Amino acid sequence: MQVPRTSDQTRWIDCDRPGEVASREPFRSGREVHVWVATVHSLLPSTLDLSYEENRKAMSFVSPRDQHRYRFSHVLLRFLLSAYAQCDPAAVLLGKNNFGKPFLILADSGRAIRFNLSHSRDAVCYVLASDQEVGIDIEYVDSAFDWQSVSNAYFTDRERHQLEKMQEEERVTTFFTMWTRKEARLKAVGTGLGGLDEKGGWKNSSAFENLLVHDFRYRNQYVGTVSLDSTLPAIRFFRYANV
């Protein structure tokens, strides 16, 4: 591990050995949640590979850039999960719930490692927790993005009104921050956008009322949010630094 560094008010710790932090007692006891970020240009362990289904999914993307990002994000996911589950990467088995949210299948049912991943442009991020559901979303703040159409489709009247009151130069960043908060909550519950009603609110409000969110920044161009379903533990931010 290297010296901690601060970037955009989020303290990222450079690390290329996930096993060193995965074994921390605060994480195992549920008092820490870990967020990892990497760029798709980072180097990955050459011995790791994807499953047949993951390789088929990667090949379904038309763009070579999208194929690479999918492969990179899922190889690194296996690397991280193997460190946290203390198993061989080849032994990592993933399942999906009815809405498509992946989860880790472990022979040792006493160790519940929960995770979620998100990517945008060349950044990939993950959140890992012990015995609690989590969600994460990261977005590149793109001033050319048609955020009005998305807010009209998925935001409540109150959320849209909040955006309209912002200064014009603040609206884009505010939109992406609001969007990551909404996405992270939906991913923590495991429903995705199917958890929204036709007015942009929660279909099952009781499932969301206890969720907590924590915003973070990566570089100058990305905003993100972590969502947790319990009392807020310490959140540690790590940057996979094998570049």
# chains A, B, ... in the order shown; residues from 1 in each chain; ligands from 1

$ residues_around --residues "His214 of chain A" --least-positions-apart "4" --cutoff "8 Å" --atoms "only C-alpha atoms" --output "ChimeraX atom specification"
/A:225-227

$ residues_around --residues "segment 161-176 of chain A" --least-positions-apart "2" --cutoff "12 Å" --atoms "only C-alpha atoms" --output "ChimeraX atom specification"
/A:120,137-152,154-159,178-184,215-217,220-225

$ atom_distance --atom1 "atom CA of Asp131 of chain A" --atom2 "atom CA of Trp12 of chain A"
23.8 Å

$ residues_around --residues "Asn97 of chain A" --least-positions-apart "6" --cutoff "10 Å" --atoms "only C-alpha atoms" --output "list of chain:residue names"
A:Phe103, A:Gly190, A:Thr191

$ select_by_dssp --residues "chain A" --states "strand (DSSP E or B)" --output "PyMOL selection string"
chain A and resi 4-7+10-15+32-39+93-96+102-105+113-120+123-130+134-140+196+202+212-218+222-228+234-240

$ atom_distance --atom1 "atom CA of Ser82 of chain A" --atom2 "atom CA of Arg236 of chain A"
18.7 Å

$ atom_distance --atom1 "atom CA of Glu209 of chain A" --atom2 "atom CA of Asn116 of chain A"
19.8 Å

$ select_by_dssp --residues "segment 48-186 of chain A" --states "alpha helix (DSSP H)" --output "MDAnalysis selection string"
chainID A and resid 52:59 64:85 147:154 157:164 168:186

$ residues_around --residues "Val189 of chain A" --least-positions-apart "3" --cutoff "9 Å" --atoms "only C-alpha atoms" --output "ChimeraX atom specification"
/A:133-135,184-186,192,195,207-208,211,229

$ closest_atom_pairs --of "segment 97-176 of chain A" --to "segment 70-75 of chain A" --cutoff "10 Å" --atoms "only C-alpha atoms" --output "tab-separated table"
residue	atom	partner	partner_atom	distance
A:Leu117	CA	A:Ser73	CA	8.4
A:Ser118	CA	A:Ser73	CA	8.8
A:His119	CA	A:Ser73	CA	8.0
A:Ala123	CA	A:Ser73	CA	9.2
A:Val124	CA	A:Ser73	CA	6.4
A:Cys125	CA	A:Ser73	CA	8.4
A:Tyr126	CA	A:Ser73	CA	9.2

$ write_last_selection --atoms "N, CA, C and O atoms" --output "short mmCIF file (atom, residue, chain, number, x, y, z; two decimals), in the first residue's frame"
data_model
loop_
_atom_site.label_atom_id
_atom_site.label_comp_id
_atom_site.auth_asym_id
_atom_site.auth_seq_id
_atom_site.Cartn_x
_atom_site.Cartn_y
_atom_site.Cartn_z
N LEU A 117 -21.24 -2.86 -8.63
CA LEU A 117 -20.27 -2.18 -9.47
C LEU A 117 -20.95 -1.19 -10.39
O LEU A 117 -22.15 -1.28 -10.66
N SER A 118 -20.16 -0.24 -10.87
CA SER A 118 -20.66 0.77 -11.81
C SER A 118 -19.48 1.22 -12.66
O SER A 118 -18.32 1.13 -12.24
N HIS A 119 -19.77 1.73 -13.85
CA HIS A 119 -18.70 2.27 -14.68
C HIS A 119 -19.22 3.43 -15.51
O HIS A 119 -20.42 3.53 -15.79
N ALA A 123 -13.67 4.95 -16.15
CA ALA A 123 -13.62 4.66 -14.71
C ALA A 123 -14.56 3.52 -14.36
O ALA A 123 -15.69 3.45 -14.85
N VAL A 124 -14.08 2.62 -13.51
CA VAL A 124 -14.89 1.51 -12.99
C VAL A 124 -14.80 1.55 -11.48
O VAL A 124 -13.71 1.74 -10.92
N CYS A 125 -15.93 1.42 -10.80
CA CYS A 125 -15.87 1.43 -9.34
C CYS A 125 -16.73 0.32 -8.76
O CYS A 125 -17.66 -0.19 -9.41
N TYR A 126 -16.38 -0.07 -7.55
CA TYR A 126 -17.01 -1.19 -6.85
C TYR A 126 -17.24 -0.79 -5.40
O TYR A 126 -16.46 -0.02 -4.83
#

$ decode --residues "segment 129-149 of chain A" --atoms "N, CA, C and O atoms" --output "PDB file, in the first residue's frame"
ATOM      1  N   ALA A 129     -19.138  -4.948   0.957  1.00  0.00           N
ATOM      2  CA  ALA A 129     -19.560  -4.853   2.347  1.00  0.00           C
ATOM      3  C   ALA A 129     -19.781  -6.251   2.902  1.00  0.00           C
ATOM      4  O   ALA A 129     -19.933  -7.220   2.151  1.00  0.00           O
ATOM      5  N   SER A 130     -19.807  -6.335   4.206  1.00  0.00           N
ATOM      6  CA  SER A 130     -20.056  -7.600   4.882  1.00  0.00           C
ATOM      7  C   SER A 130     -21.442  -7.566   5.504  1.00  0.00           C
ATOM      8  O   SER A 130     -21.744  -6.695   6.323  1.00  0.00           O
ATOM      9  N   ASP A 131     -22.297  -8.497   5.066  1.00  0.00           N
ATOM     10  CA  ASP A 131     -23.620  -8.685   5.662  1.00  0.00           C
ATOM     11  C   ASP A 131     -24.555  -7.494   5.547  1.00  0.00           C
ATOM     12  O   ASP A 131     -25.376  -7.262   6.431  1.00  0.00           O
ATOM     13  N   GLN A 132     -24.443  -6.719   4.487  1.00  0.00           N
ATOM     14  CA  GLN A 132     -25.456  -5.702   4.219  1.00  0.00           C
ATOM     15  C   GLN A 132     -25.468  -5.400   2.730  1.00  0.00           C
ATOM     16  O   GLN A 132     -24.438  -5.441   2.066  1.00  0.00           O
ATOM     17  N   GLU A 133     -26.665  -5.117   2.215  1.00  0.00           N
ATOM     18  CA  GLU A 133     -26.795  -4.795   0.803  1.00  0.00           C
ATOM     19  C   GLU A 133     -26.246  -3.401   0.532  1.00  0.00           C
ATOM     20  O   GLU A 133     -26.385  -2.486   1.350  1.00  0.00           O
ATOM     21  N   VAL A 134     -25.621  -3.244  -0.623  1.00  0.00           N
ATOM     22  CA  VAL A 134     -25.012  -1.972  -0.997  1.00  0.00           C
ATOM     23  C   VAL A 134     -25.288  -1.690  -2.473  1.00  0.00           C
ATOM     24  O   VAL A 134     -25.552  -2.594  -3.265  1.00  0.00           O
ATOM     25  N   GLY A 135     -25.216  -0.425  -2.828  1.00  0.00           N
ATOM     26  CA  GLY A 135     -25.339  -0.012  -4.216  1.00  0.00           C
ATOM     27  C   GLY A 135     -24.370   1.108  -4.492  1.00  0.00           C
ATOM     28  O   GLY A 135     -24.007   1.877  -3.579  1.00  0.00           O
ATOM     29  N   ILE A 136     -23.916   1.223  -5.729  1.00  0.00           N
ATOM     30  CA  ILE A 136     -22.977   2.282  -6.089  1.00  0.00           C
ATOM     31  C   ILE A 136     -23.254   2.744  -7.515  1.00  0.00           C
ATOM     32  O   ILE A 136     -23.675   1.952  -8.372  1.00  0.00           O
ATOM     33  N   ASP A 137     -23.029   4.018  -7.737  1.00  0.00           N
ATOM     34  CA  ASP A 137     -23.128   4.541  -9.104  1.00  0.00           C
ATOM     35  C   ASP A 137     -22.085   5.639  -9.269  1.00  0.00           C
ATOM     36  O   ASP A 137     -21.847   6.434  -8.354  1.00  0.00           O
ATOM     37  N   ILE A 138     -21.445   5.652 -10.415  1.00  0.00           N
ATOM     38  CA  ILE A 138     -20.481   6.692 -10.759  1.00  0.00           C
ATOM     39  C   ILE A 138     -20.835   7.218 -12.144  1.00  0.00           C
ATOM     40  O   ILE A 138     -21.261   6.449 -13.018  1.00  0.00           O
ATOM     41  N   GLU A 139     -20.706   8.513 -12.336  1.00  0.00           N
ATOM     42  CA  GLU A 139     -21.042   9.118 -13.608  1.00  0.00           C
ATOM     43  C   GLU A 139     -20.016  10.180 -13.991  1.00  0.00           C
ATOM     44  O   GLU A 139     -19.541  10.936 -13.137  1.00  0.00           O
ATOM     45  N   TYR A 140     -19.686  10.198 -15.269  1.00  0.00           N
ATOM     46  CA  TYR A 140     -18.838  11.254 -15.821  1.00  0.00           C
ATOM     47  C   TYR A 140     -19.707  12.482 -16.036  1.00  0.00           C
ATOM     48  O   TYR A 140     -20.776  12.408 -16.653  1.00  0.00           O
ATOM     49  N   VAL A 141     -19.278  13.619 -15.509  1.00  0.00           N
ATOM     50  CA  VAL A 141     -20.057  14.852 -15.635  1.00  0.00           C
ATOM     51  C   VAL A 141     -19.836  15.420 -17.030  1.00  0.00           C
ATOM     52  O   VAL A 141     -18.824  16.068 -17.306  1.00  0.00           O
ATOM     53  N   ASP A 142     -20.801  15.160 -17.893  1.00  0.00           N
ATOM     54  CA  ASP A 142     -20.722  15.536 -19.308  1.00  0.00           C
ATOM     55  C   ASP A 142     -21.660  16.703 -19.566  1.00  0.00           C
ATOM     56  O   ASP A 142     -22.888  16.550 -19.538  1.00  0.00           O
ATOM     57  N   SER A 143     -21.105  17.867 -19.844  1.00  0.00           N
ATOM     58  CA  SER A 143     -21.920  19.063 -20.053  1.00  0.00           C
ATOM     59  C   SER A 143     -22.776  18.968 -21.306  1.00  0.00           C
ATOM     60  O   SER A 143     -23.771  19.696 -21.447  1.00  0.00           O
ATOM     61  N   ALA A 144     -22.416  18.067 -22.243  1.00  0.00           N
ATOM     62  CA  ALA A 144     -23.182  17.920 -23.479  1.00  0.00           C
ATOM     63  C   ALA A 144     -24.316  16.906 -23.350  1.00  0.00           C
ATOM     64  O   ALA A 144     -25.102  16.717 -24.283  1.00  0.00           O
ATOM     65  N   PHE A 145     -24.417  16.250 -22.203  1.00  0.00           N
ATOM     66  CA  PHE A 145     -25.434  15.214 -22.011  1.00  0.00           C
ATOM     67  C   PHE A 145     -26.823  15.828 -21.913  1.00  0.00           C
ATOM     68  O   PHE A 145     -27.015  16.890 -21.310  1.00  0.00           O
ATOM     69  N   ASP A 146     -27.807  15.176 -22.522  1.00  0.00           N
ATOM     70  CA  ASP A 146     -29.186  15.655 -22.502  1.00  0.00           C
ATOM     71  C   ASP A 146     -29.854  15.273 -21.179  1.00  0.00           C
ATOM     72  O   ASP A 146     -30.700  14.402 -21.110  1.00  0.00           O
ATOM     73  N   TRP A 147     -29.440  15.950 -20.111  1.00  0.00           N
ATOM     74  CA  TRP A 147     -29.928  15.614 -18.780  1.00  0.00           C
ATOM     75  C   TRP A 147     -31.396  15.981 -18.593  1.00  0.00           C
ATOM     76  O   TRP A 147     -32.102  15.379 -17.781  1.00  0.00           O
ATOM     77  N   GLN A 148     -31.889  16.967 -19.369  1.00  0.00           N
ATOM     78  CA  GLN A 148     -33.292  17.347 -19.222  1.00  0.00           C
ATOM     79  C   GLN A 148     -34.226  16.192 -19.558  1.00  0.00           C
ATOM     80  O   GLN A 148     -35.220  15.962 -18.865  1.00  0.00           O
ATOM     81  N   SER A 149     -33.901  15.435 -20.616  1.00  0.00           N
ATOM     82  CA  SER A 149     -34.763  14.319 -21.024  1.00  0.00           C
ATOM     83  C   SER A 149     -34.784  13.234 -19.943  1.00  0.00           C
ATOM     84  O   SER A 149     -35.841  12.660 -19.648  1.00  0.00           O
TER      85      SER A 149
END
